[in-house]
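**Student:** coords_5.cif is the file, holding mmCIF, N, CA and C atoms and all ligand atoms:
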```cif
data_structure
loop_
_atom_site.label_atom_id
_atom_site.label_comp_id
_atom_site.auth_asym_id
_atom_site.auth_seq_id
_atom_site.Cartn_x
_atom_site.Cartn_y
_atom_site.Cartn_z
N MET A 27 194.92 35.20 -128.60
CA MET A 27 193.75 35.98 -129.07
C MET A 27 192.56 35.05 -129.31
N VAL A 28 192.87 34.10 -130.14
CA VAL A 28 191.79 33.15 -130.46
C VAL A 28 191.36 32.39 -129.20
N ASP A 29 192.40 32.05 -128.42
CA ASP A 29 192.10 31.31 -127.20
C ASP A 29 191.25 32.13 -126.24
N ILE A 30 191.59 33.43 -126.15
CA ILE A 30 190.82 34.29 -125.25
C ILE A 30 189.36 34.36 -125.70
N LYS A 31 189.18 34.55 -127.04
CA LYS A 31 187.80 34.61 -127.57
C LYS A 31 187.06 33.30 -127.25
N ALA A 32 187.81 32.20 -127.47
CA ALA A 32 187.19 30.90 -127.20
C ALA A 32 186.82 30.79 -125.73
N ASP A 33 187.75 31.30 -124.87
CA ASP A 33 187.47 31.25 -123.44
C ASP A 33 186.24 32.09 -123.11
N ARG A 34 186.17 33.28 -123.75
CA ARG A 34 185.01 34.14 -123.47
C ARG A 34 183.72 33.46 -123.92
N PHE A 35 183.87 32.83 -125.13
CA PHE A 35 182.69 32.14 -125.65
C PHE A 35 182.27 31.04 -124.67
N ARG A 36 183.32 30.30 -124.23
CA ARG A 36 183.02 29.22 -123.29
C ARG A 36 182.42 29.76 -121.99
N ALA A 37 183.02 30.91 -121.58
CA ALA A 37 182.53 31.51 -120.34
C ALA A 37 181.07 31.93 -120.48
N SER A 38 180.76 32.59 -121.61
CA SER A 38 179.38 33.05 -121.76
C SER A 38 178.45 31.85 -121.93
N LYS A 39 178.98 30.80 -122.59
CA LYS A 39 178.17 29.59 -122.76
C LYS A 39 177.91 28.96 -121.39
N PHE A 40 178.98 29.01 -120.57
CA PHE A 40 178.85 28.44 -119.23
C PHE A 40 177.78 29.19 -118.44
N HIS A 41 177.84 30.54 -118.57
CA HIS A 41 176.85 31.35 -117.86
C HIS A 41 175.44 31.04 -118.33
N ALA A 42 175.33 30.87 -119.65
CA ALA A 42 174.00 30.56 -120.19
C ALA A 42 173.51 29.23 -119.63
N GLU A 43 174.44 28.26 -119.59
CA GLU A 43 174.05 26.96 -119.06
C GLU A 43 173.70 27.05 -117.57
N ALA A 44 174.51 27.87 -116.87
CA ALA A 44 174.25 28.04 -115.45
C ALA A 44 172.87 28.65 -115.23
N ARG A 45 172.57 29.68 -116.08
CA ARG A 45 171.25 30.31 -115.96
C ARG A 45 170.14 29.30 -116.23
N LEU A 46 170.39 28.49 -117.29
CA LEU A 46 169.39 27.49 -117.65
C LEU A 46 169.18 26.52 -116.49
N GLN A 47 170.34 26.12 -115.88
CA GLN A 47 170.24 25.19 -114.76
C GLN A 47 169.47 25.82 -113.61
N GLN A 48 169.78 27.11 -113.38
CA GLN A 48 169.07 27.80 -112.29
C GLN A 48 167.58 27.82 -112.57
N THR A 49 167.26 28.11 -113.85
CA THR A 49 165.84 28.15 -114.22
C THR A 49 165.20 26.78 -114.01
N LEU A 50 165.93 25.74 -114.45
CA LEU A 50 165.41 24.39 -114.27
C LEU A 50 165.24 24.06 -112.80
N MET A 51 166.25 24.48 -112.00
CA MET A 51 166.16 24.19 -110.57
C MET A 51 165.00 24.94 -109.95
N ALA A 52 164.82 26.19 -110.39
CA ALA A 52 163.70 26.97 -109.86
C ALA A 52 162.39 26.30 -110.24
N SER A 53 162.32 25.79 -111.47
CA SER A 53 161.10 25.11 -111.92
C SER A 53 160.87 23.85 -111.09
N ALA A 54 161.98 23.11 -110.89
CA ALA A 54 161.86 21.87 -110.11
C ALA A 54 161.41 22.20 -108.70
N LEU A 55 162.00 23.27 -108.14
CA LEU A 55 161.62 23.68 -106.79
C LEU A 55 160.15 24.08 -106.76
N GLY A 56 159.75 24.81 -107.81
CA GLY A 56 158.35 25.21 -107.90
C GLY A 56 157.43 24.01 -107.95
N LEU A 57 157.83 23.02 -108.76
CA LEU A 57 157.02 21.80 -108.86
C LEU A 57 156.98 21.08 -107.53
N MET A 58 158.16 21.05 -106.85
CA MET A 58 158.21 20.37 -105.56
C MET A 58 157.28 21.07 -104.56
N LEU A 59 157.34 22.41 -104.58
CA LEU A 59 156.48 23.16 -103.66
C LEU A 59 155.02 22.93 -104.00
N ALA A 60 154.72 22.91 -105.31
CA ALA A 60 153.34 22.67 -105.73
C ALA A 60 152.91 21.28 -105.27
N GLY A 61 153.82 20.31 -105.44
CA GLY A 61 153.52 18.95 -105.02
C GLY A 61 153.27 18.88 -103.53
N THR A 62 154.14 19.56 -102.78
CA THR A 62 153.98 19.59 -101.33
C THR A 62 152.65 20.23 -100.96
N GLY A 63 152.33 21.32 -101.68
CA GLY A 63 151.07 22.01 -101.42
C GLY A 63 149.89 21.08 -101.64
N LEU A 64 149.98 20.30 -102.73
CA LEU A 64 148.89 19.36 -103.03
C LEU A 64 148.78 18.31 -101.94
N LEU A 65 149.95 17.84 -101.47
CA LEU A 65 149.94 16.82 -100.44
C LEU A 65 149.37 17.37 -99.14
N LEU A 66 149.70 18.63 -98.85
CA LEU A 66 149.25 19.23 -97.60
C LEU A 66 147.82 19.73 -97.67
N ALA A 67 147.33 19.93 -98.89
CA ALA A 67 146.01 20.55 -99.08
C ALA A 67 144.90 19.90 -98.26
N PRO A 68 144.80 18.55 -98.24
CA PRO A 68 143.68 17.94 -97.51
C PRO A 68 143.64 18.28 -96.02
N VAL A 69 144.80 18.58 -95.43
CA VAL A 69 144.78 18.90 -94.01
C VAL A 69 144.96 20.39 -93.76
N GLY A 70 145.23 21.15 -94.81
CA GLY A 70 145.45 22.58 -94.64
C GLY A 70 144.16 23.37 -94.63
N VAL A 71 144.32 24.67 -94.58
CA VAL A 71 143.15 25.55 -94.54
C VAL A 71 142.44 25.55 -95.90
N LEU A 72 143.23 25.49 -96.97
CA LEU A 72 142.65 25.54 -98.30
C LEU A 72 142.37 24.14 -98.83
N ALA A 73 141.46 23.46 -98.17
CA ALA A 73 141.15 22.09 -98.59
C ALA A 73 139.67 21.96 -98.87
N HIS A 74 139.34 20.96 -99.68
CA HIS A 74 137.92 20.64 -99.84
C HIS A 74 137.43 20.28 -98.44
N ALA A 75 136.19 20.64 -98.17
CA ALA A 75 135.66 20.28 -96.86
C ALA A 75 135.18 18.85 -96.86
N ILE A 76 135.70 18.07 -95.94
CA ILE A 76 135.19 16.70 -95.76
C ILE A 76 134.80 16.54 -94.30
N VAL A 77 133.84 15.67 -94.04
CA VAL A 77 133.34 15.47 -92.68
C VAL A 77 134.36 14.67 -91.87
N VAL A 78 134.70 15.18 -90.71
CA VAL A 78 135.62 14.44 -89.83
C VAL A 78 134.89 13.88 -88.61
N ALA A 79 133.70 14.41 -88.32
CA ALA A 79 132.89 13.87 -87.23
C ALA A 79 131.44 14.24 -87.50
N ALA A 80 130.53 13.34 -87.16
CA ALA A 80 129.12 13.59 -87.44
C ALA A 80 128.22 13.16 -86.29
N ARG A 81 127.19 13.96 -86.06
CA ARG A 81 126.15 13.61 -85.11
C ARG A 81 124.81 13.91 -85.77
N PRO A 82 123.90 12.99 -85.94
CA PRO A 82 124.08 11.60 -85.52
C PRO A 82 125.17 10.91 -86.33
N ALA A 83 125.70 9.82 -85.78
CA ALA A 83 126.72 9.05 -86.49
C ALA A 83 126.04 8.29 -87.63
N MET A 84 126.83 7.94 -88.64
CA MET A 84 126.31 7.15 -89.76
C MET A 84 125.63 5.89 -89.25
N ASN A 85 124.41 5.66 -89.71
CA ASN A 85 123.62 4.47 -89.36
C ASN A 85 123.24 4.39 -87.87
N ALA A 86 123.26 5.53 -87.21
CA ALA A 86 122.89 5.56 -85.79
C ALA A 86 121.37 5.39 -85.65
N THR A 87 120.96 4.93 -84.50
CA THR A 87 119.54 4.86 -84.17
C THR A 87 119.26 5.93 -83.12
N VAL A 88 118.27 6.77 -83.39
CA VAL A 88 117.94 7.84 -82.44
C VAL A 88 116.47 7.72 -82.05
N VAL A 89 116.14 8.27 -80.89
CA VAL A 89 114.75 8.23 -80.44
C VAL A 89 114.01 9.43 -81.04
N PRO A 90 112.70 9.31 -81.19
CA PRO A 90 111.92 10.43 -81.74
C PRO A 90 112.04 11.65 -80.82
N GLY A 91 111.99 12.82 -81.42
CA GLY A 91 112.07 14.05 -80.64
C GLY A 91 113.03 15.04 -81.27
N VAL A 92 113.62 15.85 -80.41
CA VAL A 92 114.56 16.87 -80.90
C VAL A 92 115.89 16.21 -81.23
N LEU A 93 116.38 16.50 -82.43
CA LEU A 93 117.67 15.92 -82.84
C LEU A 93 118.66 17.05 -83.13
N ASP A 94 119.78 17.00 -82.44
CA ASP A 94 120.86 17.96 -82.72
C ASP A 94 121.74 17.38 -83.81
N ILE A 95 121.83 18.12 -84.89
CA ILE A 95 122.70 17.69 -85.99
C ILE A 95 123.97 18.51 -85.92
N ARG A 96 125.09 17.83 -86.05
CA ARG A 96 126.36 18.55 -86.06
C ARG A 96 127.35 17.83 -86.96
N LEU A 97 127.81 18.52 -87.97
CA LEU A 97 128.82 17.97 -88.88
C LEU A 97 130.09 18.80 -88.74
N ASP A 98 131.17 18.13 -88.34
CA ASP A 98 132.47 18.80 -88.20
C ASP A 98 133.27 18.56 -89.47
N PHE A 99 133.78 19.64 -90.06
CA PHE A 99 134.56 19.51 -91.27
C PHE A 99 136.04 19.77 -90.99
N ASN A 100 136.87 19.39 -91.95
CA ASN A 100 138.31 19.56 -91.80
C ASN A 100 138.76 20.97 -92.14
N SER A 101 137.84 21.80 -92.61
CA SER A 101 138.22 23.18 -92.96
C SER A 101 137.04 24.11 -92.73
N ARG A 102 137.34 25.37 -92.81
CA ARG A 102 136.29 26.37 -92.64
C ARG A 102 135.30 26.28 -93.79
N ILE A 103 134.05 26.52 -93.49
CA ILE A 103 133.03 26.47 -94.53
C ILE A 103 132.22 27.76 -94.51
N ASP A 104 131.57 28.02 -95.63
CA ASP A 104 130.72 29.19 -95.76
C ASP A 104 129.31 28.79 -95.32
N HIS A 105 128.93 29.19 -94.13
CA HIS A 105 127.63 28.78 -93.58
C HIS A 105 126.46 29.20 -94.44
N LYS A 106 126.59 30.38 -95.07
CA LYS A 106 125.46 30.90 -95.87
C LYS A 106 125.28 30.12 -97.16
N ARG A 107 126.36 29.50 -97.64
CA ARG A 107 126.27 28.75 -98.89
C ARG A 107 126.40 27.25 -98.66
N SER A 108 126.06 26.83 -97.46
CA SER A 108 126.09 25.41 -97.13
C SER A 108 124.70 25.03 -96.62
N ALA A 109 124.33 23.78 -96.83
CA ALA A 109 122.98 23.38 -96.46
C ALA A 109 122.90 21.92 -96.04
N ILE A 110 121.91 21.66 -95.21
CA ILE A 110 121.59 20.28 -94.84
C ILE A 110 120.13 20.05 -95.20
N THR A 111 119.86 18.96 -95.89
CA THR A 111 118.49 18.59 -96.22
C THR A 111 118.18 17.26 -95.54
N LEU A 112 117.02 17.16 -94.96
CA LEU A 112 116.62 15.92 -94.30
C LEU A 112 115.50 15.26 -95.10
N ALA A 113 115.64 13.96 -95.30
CA ALA A 113 114.59 13.20 -95.97
C ALA A 113 113.96 12.24 -94.97
N ARG A 114 112.64 12.35 -94.81
CA ARG A 114 111.93 11.47 -93.89
C ARG A 114 111.75 10.08 -94.50
N PRO A 115 111.33 9.12 -93.68
CA PRO A 115 111.10 7.77 -94.22
C PRO A 115 110.09 7.74 -95.37
N ASP A 116 109.16 8.69 -95.39
CA ASP A 116 108.17 8.71 -96.48
C ASP A 116 108.67 9.47 -97.71
N GLY A 117 109.92 9.92 -97.65
CA GLY A 117 110.51 10.56 -98.82
C GLY A 117 110.42 12.08 -98.83
N ALA A 118 109.61 12.65 -97.94
CA ALA A 118 109.49 14.10 -97.89
C ALA A 118 110.81 14.72 -97.46
N LYS A 119 111.19 15.81 -98.15
CA LYS A 119 112.46 16.45 -97.83
C LYS A 119 112.24 17.87 -97.32
N ALA A 120 113.10 18.29 -96.42
CA ALA A 120 113.02 19.65 -95.90
C ALA A 120 114.42 20.15 -95.55
N LEU A 121 114.63 21.43 -95.76
CA LEU A 121 115.92 22.04 -95.41
C LEU A 121 116.01 22.20 -93.90
N VAL A 122 117.18 21.98 -93.37
CA VAL A 122 117.42 22.17 -91.95
C VAL A 122 117.93 23.60 -91.74
N GLY A 123 117.35 24.29 -90.76
CA GLY A 123 117.84 25.63 -90.44
C GLY A 123 119.24 25.54 -89.86
N ILE A 124 120.19 26.21 -90.50
CA ILE A 124 121.58 26.11 -90.06
C ILE A 124 121.87 27.13 -88.95
N THR A 125 122.53 26.65 -87.90
CA THR A 125 122.94 27.53 -86.81
C THR A 125 123.92 28.57 -87.37
N ALA A 126 123.53 29.84 -87.27
CA ALA A 126 124.31 30.89 -87.93
C ALA A 126 125.64 31.18 -87.26
N ASN A 127 125.67 31.16 -85.93
CA ASN A 127 126.89 31.58 -85.23
C ASN A 127 127.76 30.41 -84.76
N GLY A 128 127.66 29.30 -85.46
CA GLY A 128 128.46 28.15 -85.08
C GLY A 128 129.92 28.34 -85.45
N PRO A 129 130.77 27.39 -84.97
CA PRO A 129 132.19 27.44 -85.32
C PRO A 129 132.38 27.41 -86.84
N ALA A 130 133.48 27.97 -87.32
CA ALA A 130 133.72 28.13 -88.75
C ALA A 130 133.80 26.81 -89.52
N SER A 131 134.11 25.74 -88.82
CA SER A 131 134.24 24.45 -89.53
C SER A 131 133.09 23.50 -89.20
N VAL A 132 132.03 24.05 -88.61
CA VAL A 132 130.91 23.20 -88.19
C VAL A 132 129.60 23.64 -88.84
N LEU A 133 128.85 22.64 -89.30
CA LEU A 133 127.51 22.88 -89.84
C LEU A 133 126.56 22.19 -88.87
N SER A 134 125.67 22.97 -88.26
CA SER A 134 124.79 22.36 -87.28
C SER A 134 123.39 22.93 -87.37
N GLY A 135 122.46 22.20 -86.78
CA GLY A 135 121.07 22.62 -86.77
C GLY A 135 120.29 21.71 -85.85
N GLN A 136 119.07 22.12 -85.56
CA GLN A 136 118.23 21.33 -84.66
C GLN A 136 116.91 21.04 -85.35
N VAL A 137 116.49 19.80 -85.31
CA VAL A 137 115.25 19.42 -85.98
C VAL A 137 114.41 18.51 -85.09
N GLN A 138 113.14 18.39 -85.45
CA GLN A 138 112.25 17.43 -84.79
C GLN A 138 112.16 16.21 -85.69
N VAL A 139 112.48 15.06 -85.15
CA VAL A 139 112.29 13.84 -85.93
C VAL A 139 111.27 12.98 -85.19
N THR A 140 110.14 12.74 -85.84
CA THR A 140 109.07 12.00 -85.18
C THR A 140 108.74 10.70 -85.89
N MET A 141 108.80 10.72 -87.21
CA MET A 141 108.41 9.53 -87.98
C MET A 141 109.42 8.39 -87.83
N PRO A 142 109.01 7.25 -87.29
CA PRO A 142 109.95 6.13 -87.15
C PRO A 142 110.34 5.59 -88.52
N GLY A 143 111.56 5.10 -88.60
CA GLY A 143 112.03 4.53 -89.87
C GLY A 143 113.36 5.12 -90.30
N PRO A 144 113.77 4.77 -91.52
CA PRO A 144 115.07 5.24 -92.02
C PRO A 144 115.01 6.69 -92.55
N TRP A 145 115.88 7.51 -92.01
CA TRP A 145 115.98 8.91 -92.44
C TRP A 145 117.30 9.08 -93.19
N LYS A 146 117.37 10.14 -93.98
CA LYS A 146 118.61 10.42 -94.66
C LYS A 146 118.92 11.91 -94.56
N LEU A 147 120.17 12.19 -94.33
CA LEU A 147 120.63 13.57 -94.20
C LEU A 147 121.58 13.84 -95.37
N TYR A 148 121.28 14.89 -96.13
CA TYR A 148 122.16 15.27 -97.25
C TYR A 148 122.82 16.59 -96.90
N TRP A 149 124.13 16.62 -97.00
CA TRP A 149 124.82 17.89 -96.73
C TRP A 149 125.56 18.36 -97.97
N GLN A 150 125.62 19.67 -98.11
CA GLN A 150 126.40 20.27 -99.19
C GLN A 150 127.07 21.50 -98.61
N VAL A 151 128.37 21.58 -98.74
CA VAL A 151 129.07 22.73 -98.17
C VAL A 151 130.00 23.39 -99.19
N LEU A 152 130.18 24.68 -98.99
CA LEU A 152 131.16 25.44 -99.77
C LEU A 152 132.31 25.74 -98.81
N SER A 153 133.49 25.23 -99.15
CA SER A 153 134.64 25.49 -98.28
C SER A 153 135.32 26.79 -98.71
N VAL A 154 136.23 27.27 -97.89
CA VAL A 154 136.86 28.56 -98.15
C VAL A 154 137.69 28.55 -99.44
N ASP A 155 138.06 27.38 -99.94
CA ASP A 155 138.83 27.33 -101.19
C ASP A 155 137.91 27.40 -102.41
N GLY A 156 136.61 27.55 -102.18
CA GLY A 156 135.68 27.73 -103.28
C GLY A 156 135.13 26.44 -103.85
N HIS A 157 135.46 25.32 -103.25
CA HIS A 157 134.96 24.04 -103.74
C HIS A 157 133.72 23.59 -102.97
N ILE A 158 132.80 22.99 -103.71
CA ILE A 158 131.60 22.46 -103.09
C ILE A 158 131.78 20.95 -102.92
N THR A 159 131.48 20.46 -101.75
CA THR A 159 131.50 19.02 -101.54
C THR A 159 130.14 18.64 -100.96
N ARG A 160 129.74 17.41 -101.20
CA ARG A 160 128.45 16.95 -100.67
C ARG A 160 128.56 15.50 -100.23
N GLY A 161 127.61 15.13 -99.39
CA GLY A 161 127.61 13.76 -98.92
C GLY A 161 126.29 13.46 -98.25
N GLU A 162 126.11 12.24 -97.85
CA GLU A 162 124.87 11.87 -97.18
C GLU A 162 125.15 10.94 -96.02
N LEU A 163 124.17 10.87 -95.15
CA LEU A 163 124.32 10.13 -93.91
C LEU A 163 122.96 9.54 -93.58
N ALA A 164 122.95 8.25 -93.29
CA ALA A 164 121.68 7.58 -92.97
C ALA A 164 121.57 7.36 -91.47
N PHE A 165 120.36 7.49 -90.94
CA PHE A 165 120.13 7.14 -89.54
C PHE A 165 118.68 6.65 -89.41
N VAL A 166 118.40 6.03 -88.30
CA VAL A 166 117.08 5.45 -88.09
C VAL A 166 116.44 6.07 -86.85
N VAL A 167 115.17 6.40 -86.97
CA VAL A 167 114.43 6.89 -85.81
C VAL A 167 113.59 5.72 -85.29
N ARG A 168 113.84 5.38 -84.05
CA ARG A 168 113.10 4.26 -83.47
C ARG A 168 112.77 4.60 -82.03
N ASP A 169 111.54 4.39 -81.69
CA ASP A 169 111.11 4.66 -80.32
C ASP A 169 111.75 3.65 -79.38
N GLY A 170 112.47 4.16 -78.37
CA GLY A 170 113.15 3.30 -77.43
C GLY A 170 112.23 2.30 -76.75
N GLN A 171 110.96 2.72 -76.48
CA GLN A 171 110.00 1.84 -75.81
C GLN A 171 109.63 0.68 -76.74
N GLN A 172 109.44 1.01 -78.03
CA GLN A 172 109.03 -0.03 -78.99
C GLN A 172 110.17 -1.01 -79.25
N ALA A 173 111.40 -0.49 -79.22
CA ALA A 173 112.54 -1.32 -79.60
C ALA A 173 112.77 -2.45 -78.59
N ARG A 174 112.30 -2.27 -77.33
CA ARG A 174 112.55 -3.30 -76.33
C ARG A 174 111.37 -4.18 -76.06
CU CU B 1 138.90 22.24 -102.49
#
```
Please re-express this file's structure in structure tokens.
**Tutor:**
Amino acid sequence: MVDIKADRFRASKFHAEARLQQTLMASALGLMLAGTGLLLAPVGVLAHAIVVAARPAMNATVVPGVLDIRLDFNSRIDHKRSAITLARPDGAKALVGITANGPASVLSGQVQVTMPGPWKLYWQVLSVDGHITRGELAFVVRDGQQAR
């Protein structure tokens, strides 16, 4: 009698421990999945947008005239809430008109660059995960005829 009760107690205790272990395992699994998610985030769809390719390239020298700007990101971006600002060598800044129907992960626009000297491009994008990232890129406008 006593032994049976003890066995039942042990059995129920065992079940409680088993449940606890399952809960712990589920938590550990959840943490592992969360960790994996964090590790995969930079290359996944739900990642902060970072530039993976740029035109002009950082510190590039371009000739005066029409300049095609294209920034390729690692994730989709919200074109309406993303912007490129150009700063001329004299410090004047202007927003670049963003190409509306471009690829989902590309921010592009076309501008006239005439003033020789160091220019700076500032970009700010909103990625699909709701995070804003920003960065800058320097390039130089130099007349090909003058440079030689
Ligand atoms: Cu993000």
**Student:** Tell me which protein, DNA and RNA residues are within 10 Å of A:Thr140, counting only C-alpha atoms, leaving out same-chain ones fewer than 3 positions away, and put them as a list in words.
**Tutor:** Val89, Pro90, Gly91, Val92, Leu93, Arg114, Val137, Gly143, Val167, Arg168 and Asp169 of chain A
**Student:** Mind writing the picked residues with N, CA and C atoms as a short mmCIF file (atom, residue, chain, number, x, y, z; two decimals), in the frame of the given file?
**Tutor:**
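Result written to result_5.cif:
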```
data_model
loop_
_atom_site.label_atom_id
_atom_site.label_comp_id
_atom_site.auth_asym_id
_atom_site.auth_seq_id
_atom_site.Cartn_x
_atom_site.Cartn_y
_atom_site.Cartn_z
N VAL A 89 116.14 8.27 -80.89
CA VAL A 89 114.75 8.23 -80.44
C VAL A 89 114.01 9.43 -81.04
N PRO A 90 112.70 9.31 -81.19
CA PRO A 90 111.92 10.43 -81.74
C PRO A 90 112.04 11.65 -80.82
N GLY A 91 111.99 12.82 -81.42
CA GLY A 91 112.07 14.05 -80.64
C GLY A 91 113.03 15.04 -81.27
N VAL A 92 113.62 15.85 -80.41
CA VAL A 92 114.56 16.87 -80.90
C VAL A 92 115.89 16.21 -81.23
N LEU A 93 116.38 16.50 -82.43
CA LEU A 93 117.67 15.92 -82.84
C LEU A 93 118.66 17.05 -83.13
N ARG A 114 112.64 12.35 -94.81
CA ARG A 114 111.93 11.47 -93.89
C ARG A 114 111.75 10.08 -94.50
N VAL A 137 116.49 19.80 -85.31
CA VAL A 137 115.25 19.42 -85.98
C VAL A 137 114.41 18.51 -85.09
N GLY A 143 111.56 5.10 -88.60
CA GLY A 143 112.03 4.53 -89.87
C GLY A 143 113.36 5.12 -90.30
N VAL A 167 115.17 6.40 -86.97
CA VAL A 167 114.43 6.89 -85.81
C VAL A 167 113.59 5.72 -85.29
N ARG A 168 113.84 5.38 -84.05
CA ARG A 168 113.10 4.26 -83.47
C ARG A 168 112.77 4.60 -82.03
N ASP A 169 111.54 4.39 -81.69
CA ASP A 169 111.11 4.66 -80.32
C ASP A 169 111.75 3.65 -79.38
#
```
**Student:** Could you check the closest approach to ligand CU 1 (chain B) for each of A:His157, A:Leu163, A:Pro129, A:Val77 and tell me which residue wins, using all atoms listed in the file?
**Tutor:** A:His157
**Student:** Given only C-alpha atoms as the basis, pick out the residue of A:Val139, A:Leu133, A:Ile76, A:Val166 nearest to A:Ser101.
**Tutor:**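 Among the listed residues, A:Ile76 lies closest to A:Ser101.
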**Student:** Rank A:Leu152, A:Ala79, A:Leu147, A:Val88 by their smallest atom-to-atom distance to A:Lys106, using all atoms listed in the file, and report the top residue only.
**Tutor:**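 Closest to A:Lys106 of all the choices is A:Leu152.
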**Student:** Within 10 Å of (124.6, 28.7, -98.6) (coordinates as in the file), grab all the protein and nucleic acid residues, counting only C-alpha atoms, and write them out as a compact mmCIF listing (two decimals) with N, CA and C atoms, keeping the file's coordinate frame.
**Tutor:**
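Output file selection_18.txt is given in full below:
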```txt
# COMPACT_ATOMS: atom_id res chain seq x y z
N ILE A 103 134.05 26.52 -93.49
CA ILE A 103 133.03 26.47 -94.53
C ILE A 103 132.22 27.76 -94.51
N ASP A 104 131.57 28.02 -95.63
CA ASP A 104 130.72 29.19 -95.76
C ASP A 104 129.31 28.79 -95.32
N HIS A 105 128.93 29.19 -94.13
CA HIS A 105 127.63 28.78 -93.58
C HIS A 105 126.46 29.20 -94.44
N LYS A 106 126.59 30.38 -95.07
CA LYS A 106 125.46 30.90 -95.87
C LYS A 106 125.28 30.12 -97.16
N ARG A 107 126.36 29.50 -97.64
CA ARG A 107 126.27 28.75 -98.89
C ARG A 107 126.40 27.25 -98.66
N SER A 108 126.06 26.83 -97.46
CA SER A 108 126.09 25.41 -97.13
C SER A 108 124.70 25.03 -96.62
N ALA A 109 124.33 23.78 -96.83
CA ALA A 109 122.98 23.38 -96.46
C ALA A 109 122.90 21.92 -96.04
N ILE A 110 121.91 21.66 -95.21
CA ILE A 110 121.59 20.28 -94.84
C ILE A 110 120.13 20.05 -95.20
N ILE A 124 120.19 26.21 -90.50
CA ILE A 124 121.58 26.11 -90.06
C ILE A 124 121.87 27.13 -88.95
N GLN A 150 125.62 19.67 -98.11
CA GLN A 150 126.40 20.27 -99.19
C GLN A 150 127.07 21.50 -98.61
N VAL A 151 128.37 21.58 -98.74
CA VAL A 151 129.07 22.73 -98.17
C VAL A 151 130.00 23.39 -99.19
N LEU A 152 130.18 24.68 -98.99
CA LEU A 152 131.16 25.44 -99.77
C LEU A 152 132.31 25.74 -98.81
```
**Student:** Could you pull the residues within 8 Å of A:Val132, counting all atoms listed in the file, minus those fewer than 6 positions along the same chain, as a list in words?
**Tutor:** Arg96, Leu97, Asp98, Phe99, Asn100, Ser101, Arg102, Ile103, His105 and Thr125 of chain A
**Student:** Just to confirm, what's the straight-line distance from atom N of A:Met84 to atom CA of A:Val154 in Å (one decimal)?
**Tutor:**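 It comes out at 24.8 Å.
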**Student:** Using only C-alpha atoms and all ligand atoms, find each residue in chain A having at least one atom no more than 8 Å away from ligand CU 1 (chain B); report its shortest atom-to-atom pair and that distance in Å (one decimal), rows by chain then rising number, as JSON lines.
**Tutor:**
```
{"residue": "A:Leu72", "atom": "CA", "partner": "B:CU1", "partner_atom": "CU", "distance": 6.5}
{"residue": "A:Ala73", "atom": "CA", "partner": "B:CU1", "partner_atom": "CU", "distance": 4.5}
{"residue": "A:His74", "atom": "CA", "partner": "B:CU1", "partner_atom": "CU", "distance": 3.2}
{"residue": "A:Ala75", "atom": "CA", "partner": "B:CU1", "partner_atom": "CU", "distance": 6.8}
{"residue": "A:Ser153", "atom": "CA", "partner": "B:CU1", "partner_atom": "CU", "distance": 6.8}
{"residue": "A:Val154", "atom": "CA", "partner": "B:CU1", "partner_atom": "CU", "distance": 7.9}
{"residue": "A:Asp155", "atom": "CA", "partner": "B:CU1", "partner_atom": "CU", "distance": 5.3}
{"residue": "A:Gly156", "atom": "CA", "partner": "B:CU1", "partner_atom": "CU", "distance": 6.4}
{"residue": "A:His157", "atom": "CA", "partner": "B:CU1", "partner_atom": "CU", "distance": 4.5}
{"residue": "A:Ile158", "atom": "CA", "partner": "B:CU1", "partner_atom": "CU", "distance": 7.3}
```
**Student:** Using atom CA of A:Gln138 and atom CA of A:Asn85 as the two end points, give the distance in Å to one decimal.
**Tutor:**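 Going from atom CA of A:Gln138 over to atom CA of A:Asn85 covers 17.8 Å.
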**Student:** Rounded to one decimal, what separation in Å do you get between atom C of A:Gly161 and atom C of A:Tyr148?
**Tutor:**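 Separation between atom C of A:Gly161 and atom C of A:Tyr148: 4.9 Å.
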**Student:** If you run DSSP on the backbone here, which positions in stretch 86-144 of chain A get strand (DSSP E)? Please write them as number ranges by chain.
**Tutor:** A: 86-88, 91-99, 109-113, 119-122, 132-139, 143-144
**Student:** To box stretch 148-167 of chain A, take all atoms listed in the file, fit an axis-aligned box, add 4 Å on each side, and give centre and edge lengths in Å to one decimal, as AutoDock Vina command-line options.
**Tutor:**
```
--center_x 126.2 --center_y 17.0 --center_z -94.6 --size_x 33.2 --size_y 31.1 --size_z 26.6
```
**Student:** Using only C-alpha atoms, can you tell me which of A:Pro142, A:Lys119, A:Leu112, A:Thr159 comes closest to A:Thr87?
**Tutor:**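 With only C-alpha atoms as the atom set, the closest residue is A:Pro142.
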